[in-house]
Structure formats: C-alpha cells, structure tokens
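**Student:** Have a look at the structure that comes next, please.
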Amino acid sequence: MRIDILTIFPGMLEAPFEHSIIKRAKEKGLAEIHLHDIREYANNKHRRVDDYPYGGGSGMVMMIQPIADCIEQLKSQRDYDEIIFTTPDGEVFNQNKANYLSTLTNIMMLCGHYKGIDERIRENYITREISIGDYVLSGGELATAVITDSIVRLLPGVLGDETSALSDSFQNSLLSPPVYTRPYDYKGLKVPNILLSGDDKKIDDWRFQKSLERTRLRRPDLFDEE
Ligand code: 6GU
C-alpha cells in the first residue's frame with residue numbers, strides 16, 4: 001500500500017512513522033509513506049500557502065493553487081482509491097473505516113489547517129472527509145498520523161502474530177481483556193490464578209467474560225453497534 005500525505009508541516013509527520021510497527025511495515029516493503037510539503041508547490045514569490053477569506057472574517061484559508069498542483073502531479077503518476085481530507089467536520093473515524101482503508105492500494109491524505117481550505121479543493125478533489133473525534137486539534141497532521149497508524153498495522157504481514165489485530169479492542173466491538181506478565185506476585189499484587197491453570201478453554205472463557213464485563217462497564221454503547 002502507498003500513502004501520500006500532503007501537509008505544510010512535514011516535520012510533524014516524520015517521527016511517528018519511524019518507530020515500532022509502522023517502521024517495520026515500511027522496512028518490509030508492505031507500506032510506503034510519502035510526505036509532500038505543500039509549500040514547495042506554491043507558485044508565488046514568497047511561497048505563500050494561505051490568504052485572507054473572501055467576504056472577510058477572521059483566520060486564513062489555504063489557497064487552492066499549491067494544493068491542486070500537488071494533487072494533480074500525484075494523480076498523473078498513479079490512480080488513487082481515495083483522496084482524504086482530515087477535518088473536524090468530517091465523518092468520525094472508527095475501526096470499520098480503518099479496515100476498509102487498509103484494503104486499498106493508493107491513498108492520498110490532505111492535512112487541513114487554519115480556518116480551512118478553499119472549498120473548491122473539497123468539491124473537486126476530495127473523496128472522503130474524516131475527523132478523529134469530537135474535539136478540535138490545531139491541524140490535521142496528528143489526525144493523519146493516527147489514521148495512518150491504524151491502517152498500516154492492519155496490512156497483511158505487518159503484525160508478527162497474524163491473529164493479534166483481530167483480537168484488538170473494537171475489532172469485534174468488545175474491549176480487550178486484562179493481560180499480565182511476570183512476576184506472579186509483585187509486592188502482594190497477584191495474577192489471577194486461572195491464567196496459570198494451563199486450561200486453554202477455561203482461559204478463553206475467562207478472557208471473553210472479562211471482555212464482556214469491561215465493555216458493559218466502560219462502553220455499553222458498543223453493544224448497540226451494527
Ligand atoms: Cl481531522 N482535524 C482537526 N483540526 N481537528 C480534529 C480532527 C481533525 N479530528 C478531530 N479533531
């Protein structure tokens with residue numbers, strides 16, 4: 001899978017993909033992530049990427065030209081399955097959407113900023129607008145990093161244990177059960193004995209019960225989904 005990210009702050013997106021699972025996915029050739037600095041596409045003398053809004057009002061608006069030229073150049077090189085804009089007024093992201101996006105070959109993601117971007121970009125290029133939750137971030141970069149992480153870890157071969165993405169919280173609309181590791185007794189705090197019983201069936205049942213219990217207590221809304 002190839003992901004092209006358009007941003008005015010590429011530095012914000014470098015570190016998140018240079019660690020852990022995403023780094024490994026890139027090294028294994030399972031994911032390619034390309035950052036594009038929108039400013040480099042600005043055809044004006046001072047490399048401006050924003051301007052005052054027509055009609056007045058506060059805040060700046062990202063200009064159509066640098067973004068359109070960057071998108072056009074990428075589109076001339078390959079077909080894109082989705083061109084995503086990260087914005088607080090988009091559809092709210094969830095695991096189902098991550099699963100769908102992880103099945104695609106080429107996606108582009110445009111990070112929003114300031115008051116917004118010229119509406120003509122949204123109308124003419126964007127195929128999907130995504131928010132990561134009901135709160136406001138100062139820009140779309142962190143949202144793009146979150147979405148990218150959630151997609152890349154789902155690609156076949158990325159996680160060592162093929163089953164572990166499937167047992168994640170939310171993948172089956174249940175929260176994950178608690179986990180423990182050594183020591184068995186830490187200053188009197190003990191691990192539930194059933195996990196040491198060696199009885200796989202009992203352990204699976206216990207974990208499922210804990211998942212149900214945790215979901216009922218913390219996220220009863222998940223039982224109403226689908
Ligand atoms: Cl995608 N962008 C911004 N700026 N804020 C957000 C968001 C996106 N999702 C939630 N809050």
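Labeling convention for the structure tokens: chains A, B, ... as they appear, residues from 1 per chain, ligands from 1 in order of appearance.
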Do you know which residues are at most 10 Å from Thr148 of chain A counting only C-alpha atoms, after dropping those on the same chain fewer than 4 positions away, and could you put them as a ChimeraX atom specification?

**Tutor:** /A:3,5,16-17,22,33,98,101-102,109,142-144,152-153

**Student:** Output the neighbourhood of ligand 1 as JSON, numbers by chain, that is, all protein and nucleic acid residues with some atom at most 6 Å from the ligand, counting only C-alpha atoms and all ligand atoms.

**Tutor:** {"A": [86, 87, 88, 130, 131, 132, 133, 134, 135, 136, 137, 138, 139, 140, 143]}

**Student:** I need the residues of segment 145-223 of chain A that end up classed as helix (DSSP H, G or I) by DSSP on the backbone, written out as a PDB file with N, CA and C atoms, in the first residue's frame.

**Tutor:**
ATOM      1  N   ALA A 145      -1.694  11.202  11.212  1.00  0.00           N
ATOM      2  CA  ALA A 145      -0.787  10.208  11.799  1.00  0.00           C
ATOM      3  C   ALA A 145      -1.597   9.083  12.465  1.00  0.00           C
ATOM      4  N   VAL A 146      -2.648   9.449  13.167  1.00  0.00           N
ATOM      5  CA  VAL A 146      -3.497   8.460  13.850  1.00  0.00           C
ATOM      6  C   VAL A 146      -4.136   7.516  12.828  1.00  0.00           C
ATOM      7  N   ILE A 147      -4.709   8.102  11.779  1.00  0.00           N
ATOM      8  CA  ILE A 147      -5.399   7.293  10.760  1.00  0.00           C
ATOM      9  C   ILE A 147      -4.392   6.377  10.055  1.00  0.00           C
ATOM     10  N   THR A 148      -3.240   6.924   9.699  1.00  0.00           N
ATOM     11  CA  THR A 148      -2.214   6.129   9.011  1.00  0.00           C
ATOM     12  C   THR A 148      -1.765   4.954   9.869  1.00  0.00           C
ATOM     13  N   ASP A 149      -1.514   5.207  11.134  1.00  0.00           N
ATOM     14  CA  ASP A 149      -1.098   4.126  12.044  1.00  0.00           C
ATOM     15  C   ASP A 149      -2.163   3.031  12.078  1.00  0.00           C
ATOM     16  N   SER A 150      -3.410   3.427  12.207  1.00  0.00           N
ATOM     17  CA  SER A 150      -4.487   2.432  12.339  1.00  0.00           C
ATOM     18  C   SER A 150      -4.640   1.585  11.081  1.00  0.00           C
ATOM     19  N   ILE A 151      -4.305   2.156   9.924  1.00  0.00           N
ATOM     20  CA  ILE A 151      -4.415   1.434   8.655  1.00  0.00           C
ATOM     21  C   ILE A 151      -3.228   0.487   8.458  1.00  0.00           C
ATOM     22  N   VAL A 152      -2.022   1.033   8.651  1.00  0.00           N
ATOM     23  CA  VAL A 152      -0.812   0.279   8.307  1.00  0.00           C
ATOM     24  C   VAL A 152      -0.689  -0.979   9.165  1.00  0.00           C
ATOM     25  N   ASN A 193      -5.326 -16.601  39.195  1.00  0.00           N
ATOM     26  CA  ASN A 193      -4.802 -17.967  39.117  1.00  0.00           C
ATOM     27  C   ASN A 193      -5.215 -18.710  37.852  1.00  0.00           C
ATOM     28  N   ILE A 194      -6.374 -18.377  37.327  1.00  0.00           N
ATOM     29  CA  ILE A 194      -6.861 -19.103  36.150  1.00  0.00           C
ATOM     30  C   ILE A 194      -5.865 -19.011  34.986  1.00  0.00           C
ATOM     31  N   LEU A 195      -5.138 -17.885  34.899  1.00  0.00           N
ATOM     32  CA  LEU A 195      -4.190 -17.704  33.802  1.00  0.00           C
ATOM     33  C   LEU A 195      -2.973 -18.615  33.933  1.00  0.00           C
ATOM     34  N   LEU A 196      -2.784 -19.206  35.116  1.00  0.00           N
ATOM     35  CA  LEU A 196      -1.665 -20.128  35.339  1.00  0.00           C
ATOM     36  C   LEU A 196      -2.138 -21.580  35.326  1.00  0.00           C
ATOM     37  N   ASP A 200      -6.623 -24.126  28.503  1.00  0.00           N
ATOM     38  CA  ASP A 200      -6.858 -23.112  27.458  1.00  0.00           C
ATOM     39  C   ASP A 200      -8.325 -22.730  27.318  1.00  0.00           C
ATOM     40  N   LYS A 201      -9.179 -23.730  27.429  1.00  0.00           N
ATOM     41  CA  LYS A 201     -10.619 -23.460  27.275  1.00  0.00           C
ATOM     42  C   LYS A 201     -11.109 -22.519  28.384  1.00  0.00           C
ATOM     43  N   LYS A 202     -10.710 -22.840  29.628  1.00  0.00           N
ATOM     44  CA  LYS A 202     -11.114 -22.000  30.770  1.00  0.00           C
ATOM     45  C   LYS A 202     -10.544 -20.588  30.633  1.00  0.00           C
ATOM     46  N   ILE A 203      -9.308 -20.497  30.135  1.00  0.00           N
ATOM     47  CA  ILE A 203      -8.670 -19.185  29.991  1.00  0.00           C
ATOM     48  C   ILE A 203      -9.398 -18.371  28.922  1.00  0.00           C
ATOM     49  N   ASP A 204      -9.753 -19.003  27.786  1.00  0.00           N
ATOM     50  CA  ASP A 204     -10.515 -18.307  26.744  1.00  0.00           C
ATOM     51  C   ASP A 204     -11.852 -17.811  27.288  1.00  0.00           C
ATOM     52  N   ASP A 205     -12.537 -18.679  28.039  1.00  0.00           N
ATOM     53  CA  ASP A 205     -13.835 -18.287  28.611  1.00  0.00           C
ATOM     54  C   ASP A 205     -13.675 -17.103  29.556  1.00  0.00           C
ATOM     55  N   TRP A 206     -12.653 -17.182  30.398  1.00  0.00           N
ATOM     56  CA  TRP A 206     -12.397 -16.100  31.370  1.00  0.00           C
ATOM     57  C   TRP A 206     -12.151 -14.785  30.632  1.00  0.00           C
ATOM     58  N   ARG A 207     -11.315 -14.853  29.593  1.00  0.00           N
ATOM     59  CA  ARG A 207     -10.997 -13.631  28.835  1.00  0.00           C
ATOM     60  C   ARG A 207     -12.248 -13.048  28.173  1.00  0.00           C
ATOM     61  N   PHE A 208     -13.080 -13.926  27.634  1.00  0.00           N
ATOM     62  CA  PHE A 208     -14.307 -13.446  26.995  1.00  0.00           C
ATOM     63  C   PHE A 208     -15.226 -12.781  28.026  1.00  0.00           C
ATOM     64  N   GLN A 209     -15.347 -13.431  29.208  1.00  0.00           N
ATOM     65  CA  GLN A 209     -16.183 -12.842  30.262  1.00  0.00           C
ATOM     66  C   GLN A 209     -15.643 -11.474  30.680  1.00  0.00           C
ATOM     67  N   LYS A 210     -14.333 -11.355  30.817  1.00  0.00           N
ATOM     68  CA  LYS A 210     -13.719 -10.073  31.199  1.00  0.00           C
ATOM     69  C   LYS A 210     -13.962  -9.014  30.117  1.00  0.00           C
ATOM     70  N   SER A 211     -13.893  -9.431  28.847  1.00  0.00           N
ATOM     71  CA  SER A 211     -14.180  -8.503  27.748  1.00  0.00           C
ATOM     72  C   SER A 211     -15.614  -7.980  27.843  1.00  0.00           C
ATOM     73  N   LEU A 212     -16.543  -8.900  28.068  1.00  0.00           N
ATOM     74  CA  LEU A 212     -17.947  -8.502  28.184  1.00  0.00           C
ATOM     75  C   LEU A 212     -18.145  -7.546  29.355  1.00  0.00           C
ATOM     76  N   GLU A 213     -17.572  -7.905  30.491  1.00  0.00           N
ATOM     77  CA  GLU A 213     -17.708  -7.120  31.718  1.00  0.00           C
ATOM     78  C   GLU A 213     -17.162  -5.707  31.523  1.00  0.00           C
ATOM     79  N   ARG A 214     -15.962  -5.634  30.939  1.00  0.00           N
ATOM     80  CA  ARG A 214     -15.297  -4.354  30.720  1.00  0.00           C
ATOM     81  C   ARG A 214     -16.104  -3.500  29.731  1.00  0.00           C
ATOM     82  N   THR A 215     -16.625  -4.127  28.697  1.00  0.00           N
ATOM     83  CA  THR A 215     -17.407  -3.385  27.705  1.00  0.00           C
ATOM     84  C   THR A 215     -18.714  -2.877  28.324  1.00  0.00           C
ATOM     85  N   ARG A 216     -19.372  -3.737  29.116  1.00  0.00           N
ATOM     86  CA  ARG A 216     -20.627  -3.332  29.765  1.00  0.00           C
ATOM     87  C   ARG A 216     -20.393  -2.136  30.674  1.00  0.00           C
ATOM     88  N   LEU A 217     -19.276  -2.165  31.431  1.00  0.00           N
ATOM     89  CA  LEU A 217     -18.981  -1.087  32.374  1.00  0.00           C
ATOM     90  C   LEU A 217     -18.537   0.197  31.689  1.00  0.00           C
ATOM     91  N   ARG A 218     -17.625   0.076  30.695  1.00  0.00           N
ATOM     92  CA  ARG A 218     -16.982   1.269  30.163  1.00  0.00           C
ATOM     93  C   ARG A 218     -17.593   1.794  28.877  1.00  0.00           C
ATOM     94  N   PRO A 220     -20.887   0.697  27.159  1.00  0.00           N
ATOM     95  CA  PRO A 220     -22.125  -0.028  26.828  1.00  0.00           C
ATOM     96  C   PRO A 220     -22.660   0.309  25.428  1.00  0.00           C
ATOM     97  N   ASP A 221     -22.292   1.482  24.909  1.00  0.00           N
ATOM     98  CA  ASP A 221     -22.746   1.888  23.571  1.00  0.00           C
ATOM     99  C   ASP A 221     -22.260   0.930  22.494  1.00  0.00           C
ATOM    100  N   LEU A 222     -21.126   0.220  22.748  1.00  0.00           N
ATOM    101  CA  LEU A 222     -20.596  -0.693  21.718  1.00  0.00           C
ATOM    102  C   LEU A 222     -21.533  -1.862  21.451  1.00  0.00           C
ATOM    103  N   PHE A 223     -22.366  -2.220  22.443  1.00  0.00           N
ATOM    104  CA  PHE A 223     -23.303  -3.331  22.237  1.00  0.00           C
ATOM    105  C   PHE A 223     -24.419  -2.954  21.256  1.00  0.00           C
TER     106      PHE A 223
END

**Student:** Just the number, please: distance in Å from atom CA of Asn96 of chain A to atom CA of Phe9 of chain A, one decimal.

**Tutor:**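 These two atoms are separated by 28.3 Å.
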
**Student:** Report as a PyMOL selection string: the residues of segment 27-180 of chain A with a DSSP assignment of strand (DSSP E), based on the backbone of this structure.

**Tutor:** chain A and resi 32-37+50-51+61-62+82-92+106-111+116-117+128-131

**Student:** Could you take the residues named above and write them with N, CA, C and O atoms, as a compact mmCIF listing (two decimals), in the first residue's frame?

**Tutor:**
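Output file selection-v9.txt is given in full below:
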# COMPACT_ATOMS: atom_id res chain seq x y z
N GLU A 32 4.36 2.12 1.93
CA GLU A 32 5.22 3.24 1.52
C GLU A 32 4.50 4.49 1.97
O GLU A 32 3.33 4.67 1.64
N ILE A 33 5.19 5.35 2.70
CA ILE A 33 4.57 6.61 3.13
C ILE A 33 5.40 7.75 2.57
O ILE A 33 6.60 7.84 2.83
N HIS A 34 4.78 8.60 1.76
CA HIS A 34 5.49 9.73 1.13
C HIS A 34 4.91 11.04 1.64
O HIS A 34 3.69 11.25 1.55
N LEU A 35 5.78 11.90 2.17
CA LEU A 35 5.34 13.21 2.66
C LEU A 35 5.60 14.26 1.58
O LEU A 35 6.67 14.26 0.96
N HIS A 36 4.63 15.13 1.38
CA HIS A 36 4.77 16.20 0.38
C HIS A 36 4.53 17.54 1.06
O HIS A 36 3.47 17.74 1.66
N ASP A 37 5.51 18.43 0.94
CA ASP A 37 5.41 19.76 1.54
C ASP A 37 4.66 20.68 0.57
O ASP A 37 5.19 21.03 -0.49
N ASP A 50 -1.44 30.36 2.19
CA ASP A 50 -2.74 30.78 2.73
C ASP A 50 -3.00 32.23 2.39
O ASP A 50 -2.08 32.98 2.06
N ASP A 51 -4.27 32.62 2.48
CA ASP A 51 -4.63 34.01 2.16
C ASP A 51 -5.92 34.36 2.92
O ASP A 51 -6.55 33.50 3.52
N VAL A 61 -7.18 31.15 4.98
CA VAL A 61 -7.69 29.99 4.25
C VAL A 61 -6.58 29.45 3.37
O VAL A 61 -5.85 30.21 2.73
N MET A 62 -6.43 28.15 3.34
CA MET A 62 -5.40 27.56 2.48
C MET A 62 -5.80 27.72 1.02
O MET A 62 -6.93 27.43 0.63
N GLU A 82 -8.65 6.66 -2.83
CA GLU A 82 -9.33 7.68 -2.03
C GLU A 82 -8.39 8.87 -1.86
O GLU A 82 -7.17 8.70 -1.74
N ILE A 83 -8.98 10.08 -1.85
CA ILE A 83 -8.24 11.29 -1.50
C ILE A 83 -8.95 11.87 -0.29
O ILE A 83 -10.08 12.35 -0.37
N ILE A 84 -8.27 11.74 0.84
CA ILE A 84 -8.90 12.01 2.15
C ILE A 84 -8.47 13.38 2.66
O ILE A 84 -7.30 13.74 2.57
N PHE A 85 -9.42 14.11 3.23
CA PHE A 85 -9.13 15.39 3.88
C PHE A 85 -9.43 15.22 5.36
O PHE A 85 -10.53 14.78 5.71
N THR A 86 -8.45 15.54 6.22
CA THR A 86 -8.70 15.43 7.66
C THR A 86 -9.23 16.76 8.17
O THR A 86 -8.59 17.80 8.03
N THR A 87 -10.40 16.71 8.78
CA THR A 87 -11.09 17.92 9.21
C THR A 87 -12.09 17.58 10.32
O THR A 87 -12.71 16.51 10.27
N PRO A 88 -12.23 18.50 11.32
CA PRO A 88 -13.17 18.18 12.41
C PRO A 88 -14.62 18.05 11.94
O PRO A 88 -15.44 17.47 12.66
N ASP A 89 -14.96 18.54 10.74
CA ASP A 89 -16.35 18.38 10.29
C ASP A 89 -16.54 17.17 9.36
O ASP A 89 -17.57 17.04 8.70
N GLY A 90 -15.56 16.26 9.34
CA GLY A 90 -15.69 15.04 8.54
C GLY A 90 -16.46 13.94 9.27
O GLY A 90 -16.89 14.13 10.41
N GLU A 91 -16.61 12.79 8.62
CA GLU A 91 -17.24 11.63 9.26
C GLU A 91 -16.29 11.11 10.33
O GLU A 91 -15.07 11.13 10.15
N VAL A 92 -16.83 10.66 11.46
CA VAL A 92 -15.97 10.26 12.58
C VAL A 92 -15.34 8.90 12.29
O VAL A 92 -16.02 7.95 11.91
N ASN A 106 -3.64 2.71 -3.22
CA ASN A 106 -3.05 4.06 -3.16
C ASN A 106 -4.04 5.02 -2.51
O ASN A 106 -5.16 5.17 -3.00
N ILE A 107 -3.61 5.66 -1.44
CA ILE A 107 -4.45 6.72 -0.89
C ILE A 107 -3.64 7.99 -0.69
O ILE A 107 -2.43 7.95 -0.49
N MET A 108 -4.35 9.11 -0.79
CA MET A 108 -3.74 10.41 -0.56
C MET A 108 -4.44 10.99 0.66
O MET A 108 -5.65 10.80 0.82
N MET A 109 -3.70 11.69 1.50
CA MET A 109 -4.31 12.36 2.65
C MET A 109 -3.84 13.80 2.70
O MET A 109 -2.64 14.07 2.66
N LEU A 110 -4.79 14.71 2.77
CA LEU A 110 -4.50 16.14 2.84
C LEU A 110 -4.81 16.63 4.26
O LEU A 110 -5.93 16.45 4.75
N CYS A 111 -3.80 17.22 4.90
CA CYS A 111 -3.97 17.71 6.27
C CYS A 111 -4.55 19.13 6.24
O CYS A 111 -3.96 20.02 5.63
N GLY A 116 -9.50 26.65 7.39
CA GLY A 116 -9.93 25.63 6.45
C GLY A 116 -9.19 25.76 5.14
O GLY A 116 -8.22 26.49 5.05
N ILE A 117 -9.66 25.02 4.16
CA ILE A 117 -9.04 25.14 2.85
C ILE A 117 -10.10 25.62 1.87
O ILE A 117 -11.30 25.44 2.11
N ARG A 128 -13.27 11.83 0.46
CA ARG A 128 -13.70 11.42 1.79
C ARG A 128 -13.14 12.40 2.82
O ARG A 128 -11.97 12.77 2.74
N GLU A 129 -13.97 12.83 3.75
CA GLU A 129 -13.53 13.76 4.79
C GLU A 129 -13.66 13.07 6.14
O GLU A 129 -14.72 12.54 6.47
N ILE A 130 -12.56 13.05 6.89
CA ILE A 130 -12.54 12.27 8.13
C ILE A 130 -12.11 13.13 9.32
O ILE A 130 -11.14 13.88 9.25
N SER A 131 -12.83 12.97 10.43
CA SER A 131 -12.48 13.54 11.74
C SER A 131 -12.09 12.39 12.65
O SER A 131 -12.60 11.28 12.49

**Student:** Residues within 9 Å of Ser58 of chain A, please, as a list in words. Count only C-alpha atoms; anything in the same chain fewer than 3 positions from it doesn't count.

**Tutor:**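 Here the answer would be Tyr52, Pro53 and Lys115 of chain A.
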
**Student:** Give me a file of those residues, with N, CA, C and O atoms, as a PDB file, in the first residue's frame.

**Tutor:**
ATOM      1  N   TYR A  52      -6.286  35.656   2.873  1.00  0.00           N
ATOM      2  CA  TYR A  52      -7.479  36.109   3.585  1.00  0.00           C
ATOM      3  C   TYR A  52      -8.737  35.553   2.943  1.00  0.00           C
ATOM      4  O   TYR A  52      -8.775  35.350   1.727  1.00  0.00           O
ATOM      5  N   PRO A  53      -9.771  35.317   3.744  1.00  0.00           N
ATOM      6  CA  PRO A  53     -11.016  34.774   3.167  1.00  0.00           C
ATOM      7  C   PRO A  53     -11.798  35.830   2.375  1.00  0.00           C
ATOM      8  O   PRO A  53     -11.920  36.969   2.829  1.00  0.00           O
ATOM      9  N   LYS A 115      -8.415  28.217   9.217  1.00  0.00           N
ATOM     10  CA  LYS A 115      -9.879  28.179   9.214  1.00  0.00           C
ATOM     11  C   LYS A 115     -10.383  27.079   8.305  1.00  0.00           C
ATOM     12  O   LYS A 115     -11.503  26.635   8.389  1.00  0.00           O
TER      13      LYS A 115
END

**Student:** Could you jot down the atom CA of Asp79 of chain A to atom CA of Asn44 of chain A separation for me, Å, one decimal place?

**Tutor:**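 Here the two named atoms are 28.3 Å from each other.
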
**Student:** Between A:Ile8, A:Ala31, A:Ile38, A:Glu14, which residue has the minimum interatomic distance to Cys70 of chain A, considering only C-alpha atoms?

**Tutor:**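 Smallest distance to Cys70 of chain A is found for A:Ile38.
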
**Student:** Using only C-alpha atoms, which protein or nucleic acid residues come within 10 Å of segment 67-69 of chain A? Drop anything in the same chain fewer than 6 positions from it, and give the result as a PyMOL selection string.

**Tutor:** chain A and resi 6-8+37-43+49+75+110+117-118+120-121+124-125

**Student:** Selection from above, all heavy atoms, as a compact mmCIF listing (two decimals), in the first residue's frame, can you write it?

**Tutor:**
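Saved result, selection.txt, follows:
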# COMPACT_ATOMS: atom_id res chain seq x y z
N LEU A 6 -0.11 15.10 2.15
CA LEU A 6 0.12 16.50 1.77
C LEU A 6 -0.04 17.37 3.01
O LEU A 6 -1.09 17.35 3.65
CB LEU A 6 -0.88 16.95 0.70
CG LEU A 6 -0.67 16.47 -0.74
CD1 LEU A 6 -0.64 14.96 -0.85
CD2 LEU A 6 -1.74 17.04 -1.65
N THR A 7 1.01 18.13 3.33
CA THR A 7 0.99 18.90 4.58
C THR A 7 1.86 20.15 4.44
O THR A 7 2.76 20.19 3.61
CB THR A 7 1.53 18.03 5.75
OG1 THR A 7 1.72 18.84 6.91
CG2 THR A 7 2.87 17.38 5.40
N ILE A 8 1.58 21.16 5.28
CA ILE A 8 2.51 22.29 5.33
C ILE A 8 3.52 22.11 6.47
O ILE A 8 4.43 22.91 6.64
CB ILE A 8 1.79 23.65 5.48
CG1 ILE A 8 0.82 23.65 6.66
CG2 ILE A 8 1.05 24.01 4.20
CD1 ILE A 8 0.27 25.04 6.97
N ASP A 37 5.51 18.43 0.94
CA ASP A 37 5.41 19.76 1.54
C ASP A 37 4.66 20.68 0.57
O ASP A 37 5.19 21.03 -0.49
CB ASP A 37 6.82 20.29 1.81
CG ASP A 37 6.80 21.62 2.56
OD1 ASP A 37 5.72 22.24 2.66
OD2 ASP A 37 7.88 22.03 3.03
N ILE A 38 3.44 21.04 0.93
CA ILE A 38 2.58 21.84 0.04
C ILE A 38 3.27 23.15 -0.35
O ILE A 38 3.11 23.64 -1.47
CB ILE A 38 1.23 22.13 0.74
CG1 ILE A 38 0.43 20.83 0.89
CG2 ILE A 38 0.42 23.17 -0.03
CD1 ILE A 38 -0.76 20.95 1.83
N ARG A 39 4.05 23.69 0.58
CA ARG A 39 4.73 24.97 0.32
C ARG A 39 5.62 24.92 -0.92
O ARG A 39 5.78 25.91 -1.63
CB ARG A 39 5.56 25.36 1.56
CG ARG A 39 5.87 26.83 1.68
CD ARG A 39 6.51 27.13 3.03
NE ARG A 39 5.60 26.95 4.16
CZ ARG A 39 4.67 27.83 4.52
NH1 ARG A 39 4.53 28.95 3.86
NH2 ARG A 39 3.88 27.59 5.54
N GLU A 40 6.18 23.74 -1.17
CA GLU A 40 7.07 23.62 -2.34
C GLU A 40 6.32 23.75 -3.66
O GLU A 40 6.94 23.90 -4.72
CB GLU A 40 7.82 22.27 -2.30
CG GLU A 40 8.85 22.21 -1.18
CD GLU A 40 9.54 20.87 -1.07
OE1 GLU A 40 9.32 20.00 -1.96
OE2 GLU A 40 10.28 20.68 -0.09
N TYR A 41 5.01 23.68 -3.61
CA TYR A 41 4.20 23.78 -4.84
C TYR A 41 3.64 25.18 -5.05
O TYR A 41 3.02 25.44 -6.08
CB TYR A 41 3.05 22.76 -4.81
CG TYR A 41 3.56 21.34 -4.90
CD1 TYR A 41 4.08 20.70 -3.77
CD2 TYR A 41 3.58 20.67 -6.12
CE1 TYR A 41 4.58 19.41 -3.86
CE2 TYR A 41 4.08 19.39 -6.21
CZ TYR A 41 4.58 18.76 -5.08
OH TYR A 41 5.08 17.50 -5.17
N ALA A 42 3.87 26.09 -4.09
CA ALA A 42 3.32 27.45 -4.21
C ALA A 42 4.06 28.19 -5.33
O ALA A 42 5.28 28.26 -5.33
CB ALA A 42 3.47 28.19 -2.89
N ASN A 43 3.30 28.74 -6.30
CA ASN A 43 3.96 29.39 -7.45
C ASN A 43 4.06 30.89 -7.28
O ASN A 43 4.23 31.61 -8.25
CB ASN A 43 3.25 29.02 -8.76
CG ASN A 43 1.84 29.58 -8.83
OD1 ASN A 43 1.45 30.39 -7.98
ND2 ASN A 43 1.07 29.17 -9.82
N VAL A 49 1.02 29.89 1.21
CA VAL A 49 0.07 28.80 1.03
C VAL A 49 -1.32 29.16 1.56
O VAL A 49 -2.27 28.40 1.44
CB VAL A 49 0.55 27.50 1.72
CG1 VAL A 49 1.77 26.92 0.99
CG2 VAL A 49 0.85 27.73 3.19
N LYS A 75 -1.66 12.60 -9.07
CA LYS A 75 -2.67 11.86 -9.84
C LYS A 75 -2.17 11.50 -11.24
O LYS A 75 -2.62 10.52 -11.83
CB LYS A 75 -3.97 12.67 -9.95
CG LYS A 75 -4.81 12.61 -8.68
CD LYS A 75 -6.04 13.49 -8.76
CE LYS A 75 -7.08 12.98 -9.72
NZ LYS A 75 -8.38 13.71 -9.54
N LEU A 110 -4.79 14.71 2.77
CA LEU A 110 -4.50 16.14 2.84
C LEU A 110 -4.81 16.63 4.26
O LEU A 110 -5.93 16.45 4.75
CB LEU A 110 -5.37 16.89 1.81
CG LEU A 110 -5.41 18.41 1.90
CD1 LEU A 110 -4.02 19.03 1.67
CD2 LEU A 110 -6.42 18.97 0.88
N ILE A 117 -9.66 25.02 4.16
CA ILE A 117 -9.04 25.14 2.85
C ILE A 117 -10.10 25.62 1.87
O ILE A 117 -11.30 25.44 2.11
CB ILE A 117 -8.44 23.80 2.36
CG1 ILE A 117 -9.51 22.74 2.17
CG2 ILE A 117 -7.36 23.32 3.31
CD1 ILE A 117 -9.00 21.49 1.48
N ASP A 118 -9.66 26.23 0.80
CA ASP A 118 -10.57 26.71 -0.23
C ASP A 118 -11.55 25.58 -0.60
O ASP A 118 -11.14 24.46 -0.92
CB ASP A 118 -9.75 27.14 -1.46
CG ASP A 118 -10.59 27.92 -2.46
OD1 ASP A 118 -11.59 27.34 -2.97
OD2 ASP A 118 -10.25 29.08 -2.73
N ARG A 120 -13.15 24.82 -3.06
CA ARG A 120 -13.05 24.20 -4.38
C ARG A 120 -12.16 22.95 -4.38
O ARG A 120 -12.34 22.05 -5.21
CB ARG A 120 -12.54 25.23 -5.41
CG ARG A 120 -13.61 26.30 -5.69
CD ARG A 120 -13.04 27.47 -6.43
NE ARG A 120 -12.13 28.26 -5.59
CZ ARG A 120 -11.57 29.41 -5.98
NH1 ARG A 120 -11.81 29.90 -7.18
NH2 ARG A 120 -10.77 30.07 -5.16
N ILE A 121 -11.21 22.88 -3.42
CA ILE A 121 -10.41 21.65 -3.27
C ILE A 121 -11.33 20.52 -2.82
O ILE A 121 -11.32 19.41 -3.37
CB ILE A 121 -9.26 21.85 -2.25
CG1 ILE A 121 -8.19 22.77 -2.81
CG2 ILE A 121 -8.67 20.51 -1.83
CD1 ILE A 121 -7.30 22.13 -3.86
N ASN A 124 -13.76 19.38 -5.61
CA ASN A 124 -13.24 18.83 -6.87
C ASN A 124 -12.22 17.72 -6.75
O ASN A 124 -11.95 17.03 -7.71
CB ASN A 124 -12.66 19.97 -7.72
CG ASN A 124 -13.75 20.93 -8.17
OD1 ASN A 124 -14.56 20.59 -9.03
ND2 ASN A 124 -13.80 22.10 -7.57
N TYR A 125 -11.62 17.57 -5.58
CA TYR A 125 -10.57 16.55 -5.45
C TYR A 125 -10.82 15.53 -4.34
O TYR A 125 -10.41 14.39 -4.45
CB TYR A 125 -9.21 17.21 -5.19
CG TYR A 125 -8.69 18.02 -6.35
CD1 TYR A 125 -8.75 19.41 -6.33
CD2 TYR A 125 -8.13 17.39 -7.46
CE1 TYR A 125 -8.27 20.17 -7.39
CE2 TYR A 125 -7.65 18.14 -8.53
CZ TYR A 125 -7.72 19.52 -8.49
OH TYR A 125 -7.25 20.25 -9.54
